[in-house]
Amino acid sequence: MAFECPECGEPTLEIAAKLELPPDSGADEIQLQLLECPDCGFKAGGVYSESRRGARESWTHIGYEMDEDDWHGLRTDFGVCPGPGDKRCSCSAHAGFNVRNAHGHWMMPPGFGRYRSFPLRLGS
């Protein structure tokens, strides 16, 4: 599955790494992602969340443009996890990214908010 790259416009933005996190007070699924375009070298972080609570399902999938150093730092952090698809994993990566506020809502990693956000659209 590839997304439209906001830099070059091609349907080549791919998920290079991901980390499944446990549900929080508002979402049943939370996935922290690293995105990369092999065509132009664009790098980004991504957050996918989905809720199946109540009468209907809802989801969000947002990308955050990143500089090379931050992206590679996150890639290193993701790399210490032995089970990135296991939301119950107790490794240091999961513990570090699974931060909640007083209301039990997942907190985005520091630094993501300083980058330009963009909607993730499936490439055609």
# chains A, B, ... in the order shown; residues from 1 in each chain; ligands from 1
call {"tool": "residues_around", "arguments": {"residues": "Glu20 (chain A)", "least_positions_apart": "2", "cutoff": "7 Å", "atoms": "only C-alpha atoms", "output": "list of chain:residue names"}}
result
A:Lys18, A:Pro22, A:Ile30, A:Gln31, A:Leu32, A:Pro84, A:Gly85, A:Asp86, A:Lys87
call {"tool": "closest_residue", "arguments": {"among": "A:Asp24, A:Phe78, A:Gly83, A:Leu122", "to": "Ile62 (chain A)", "atoms": "only C-alpha atoms"}}
result
A:Leu122
call {"tool": "select_by_dssp", "arguments": {"residues": "chain A", "states": "helix (DSSP H, G or I)", "output": "list in words"}}
result
Glu68, Asp69, Asp70, Trp71, His72, Gly73, Leu74, Arg75, Thr76, Asp77, Phe78, Gly79, Ser92, Ala93, His94, Ala95, Gly96, Phe97, Phe112, Gly113 and Arg114 of chain A
call {"tool": "closest_residue", "arguments": {"among": "A:Gly104, A:Gly73, A:Pro23, A:Gly63", "to": "Ser117 (chain A)", "atoms": "only C-alpha atoms"}}
result
A:Gly63
call {"tool": "residues_around", "arguments": {"residues": "Asp77 (chain A)", "least_positions_apart": "3", "cutoff": "12 Å", "atoms": "only C-alpha atoms", "output": "PDB file with C-alpha atoms, in the first residue's frame"}}
result
ATOM      1  CA  ALA A  17       8.439   0.969   9.821  1.00  0.00           C
ATOM      2  CA  LYS A  18       5.543   0.876  12.272  1.00  0.00           C
ATOM      3  CA  LEU A  19       4.854   0.347  15.933  1.00  0.00           C
ATOM      4  CA  LEU A  32       2.981   5.086  14.890  1.00  0.00           C
ATOM      5  CA  GLN A  33       4.629   4.957  11.463  1.00  0.00           C
ATOM      6  CA  LEU A  34       7.715   6.056   9.583  1.00  0.00           C
ATOM      7  CA  ASP A  70      14.707  13.062  13.477  1.00  0.00           C
ATOM      8  CA  TRP A  71      13.433  10.377  11.078  1.00  0.00           C
ATOM      9  CA  HIS A  72      16.589   8.281  11.439  1.00  0.00           C
ATOM     10  CA  GLY A  73      16.508   8.751  15.228  1.00  0.00           C
ATOM     11  CA  LEU A  74      12.978   7.350  15.307  1.00  0.00           C
ATOM     12  CA  VAL A  80      15.058  -1.968  19.309  1.00  0.00           C
ATOM     13  CA  CYS A  81      11.579  -3.518  19.349  1.00  0.00           C
ATOM     14  CA  PRO A  82      11.447  -7.309  18.921  1.00  0.00           C
ATOM     15  CA  PRO A  84       6.588  -3.972  16.441  1.00  0.00           C
ATOM     16  CA  CYS A  91      10.252  -3.188  25.131  1.00  0.00           C
ATOM     17  CA  SER A  92      11.789   0.245  25.638  1.00  0.00           C
ATOM     18  CA  ALA A  93      10.450   1.506  22.284  1.00  0.00           C
ATOM     19  CA  HIS A  94       6.861   0.646  23.172  1.00  0.00           C
ATOM     20  CA  ALA A  95       7.278   2.051  26.684  1.00  0.00           C
ATOM     21  CA  GLY A  96       8.782   5.269  25.340  1.00  0.00           C
ATOM     22  CA  PHE A  97       6.092   5.888  22.718  1.00  0.00           C
ATOM     23  CA  PRO A 109       5.796  11.863  20.482  1.00  0.00           C
TER      24      PRO A 109
END
call {"tool": "atom_distance", "arguments": {"atom1": "CA of Glu29 (chain A)", "atom2": "CA of Asp67 (chain A)"}}
result
26.5 Å
call {"tool": "residues_around", "arguments": {"residues": "Trp106 (chain A)", "least_positions_apart": "6", "cutoff": "8 Å", "atoms": "only C-alpha atoms", "output": "PyMOL selection string"}}
result
chain A and resi 24-25+98-100
call {"tool": "write_last_selection", "arguments": {"atoms": "N, CA and C atoms", "output": "short mmCIF file (atom, residue, chain, number, x, y, z; two decimals), in the first residue's frame"}}
result
data_model
loop_
_atom_site.label_atom_id
_atom_site.label_comp_id
_atom_site.auth_asym_id
_atom_site.auth_seq_id
_atom_site.Cartn_x
_atom_site.Cartn_y
_atom_site.Cartn_z
N ASP A 24 -6.26 3.41 23.66
CA ASP A 24 -6.30 4.44 24.69
C ASP A 24 -7.76 4.77 25.01
N SER A 25 -8.00 5.88 25.66
CA SER A 25 -9.36 6.23 26.06
C SER A 25 -10.27 6.59 24.90
N ASN A 98 4.45 4.94 24.27
CA ASN A 98 3.11 4.71 24.82
C ASN A 98 2.86 5.62 26.02
N VAL A 99 2.91 6.92 25.79
CA VAL A 99 2.71 7.90 26.85
C VAL A 99 1.26 8.38 26.82
N ARG A 100 0.64 8.43 28.00
CA ARG A 100 -0.76 8.84 28.12
C ARG A 100 -0.88 10.08 29.00
#
call {"tool": "closest_atom_pairs", "arguments": {"of": "region 83-117 of chain A", "to": "region 37-45 of chain A", "cutoff": "10 Å", "atoms": "only C-alpha atoms", "output": "CSV"}}
result
residue,atom,partner,partner_atom,distance
A:Phe112,CA,A:Gly45,CA,7.5
A:Tyr115,CA,A:Ala44,CA,9.1
A:Arg116,CA,A:Ala44,CA,9.6
A:Ser117,CA,A:Ala44,CA,9.2
call {"tool": "atom_distance", "arguments": {"atom1": "CA of Glu4 (chain A)", "atom2": "CA of Glu68 (chain A)"}}
result
19.4 Å
call {"tool": "select_by_dssp", "arguments": {"residues": "chain A", "states": "strand (DSSP E)", "output": "MDAnalysis selection string"}}
result
chainID A and resid 2:3 13:21 29:36 43:51 58:65 117:119
call {"tool": "closest_residue", "arguments": {"among": "A:Ala16, A:Cys8, A:Ala2, A:Met107", "to": "Gly79 (chain A)", "atoms": "only C-alpha atoms"}}
result
A:Ala16
call {"tool": "atom_distance", "arguments": {"atom1": "CA of Arg121 (chain A)", "atom2": "CA of Val47 (chain A)"}}
result
13.0 Å
call {"tool": "closest_residue", "arguments": {"among": "A:Gly26, A:Thr12, A:Met66, A:Thr76", "to": "Arg53 (chain A)", "atoms": "only C-alpha atoms"}}
result
A:Gly26
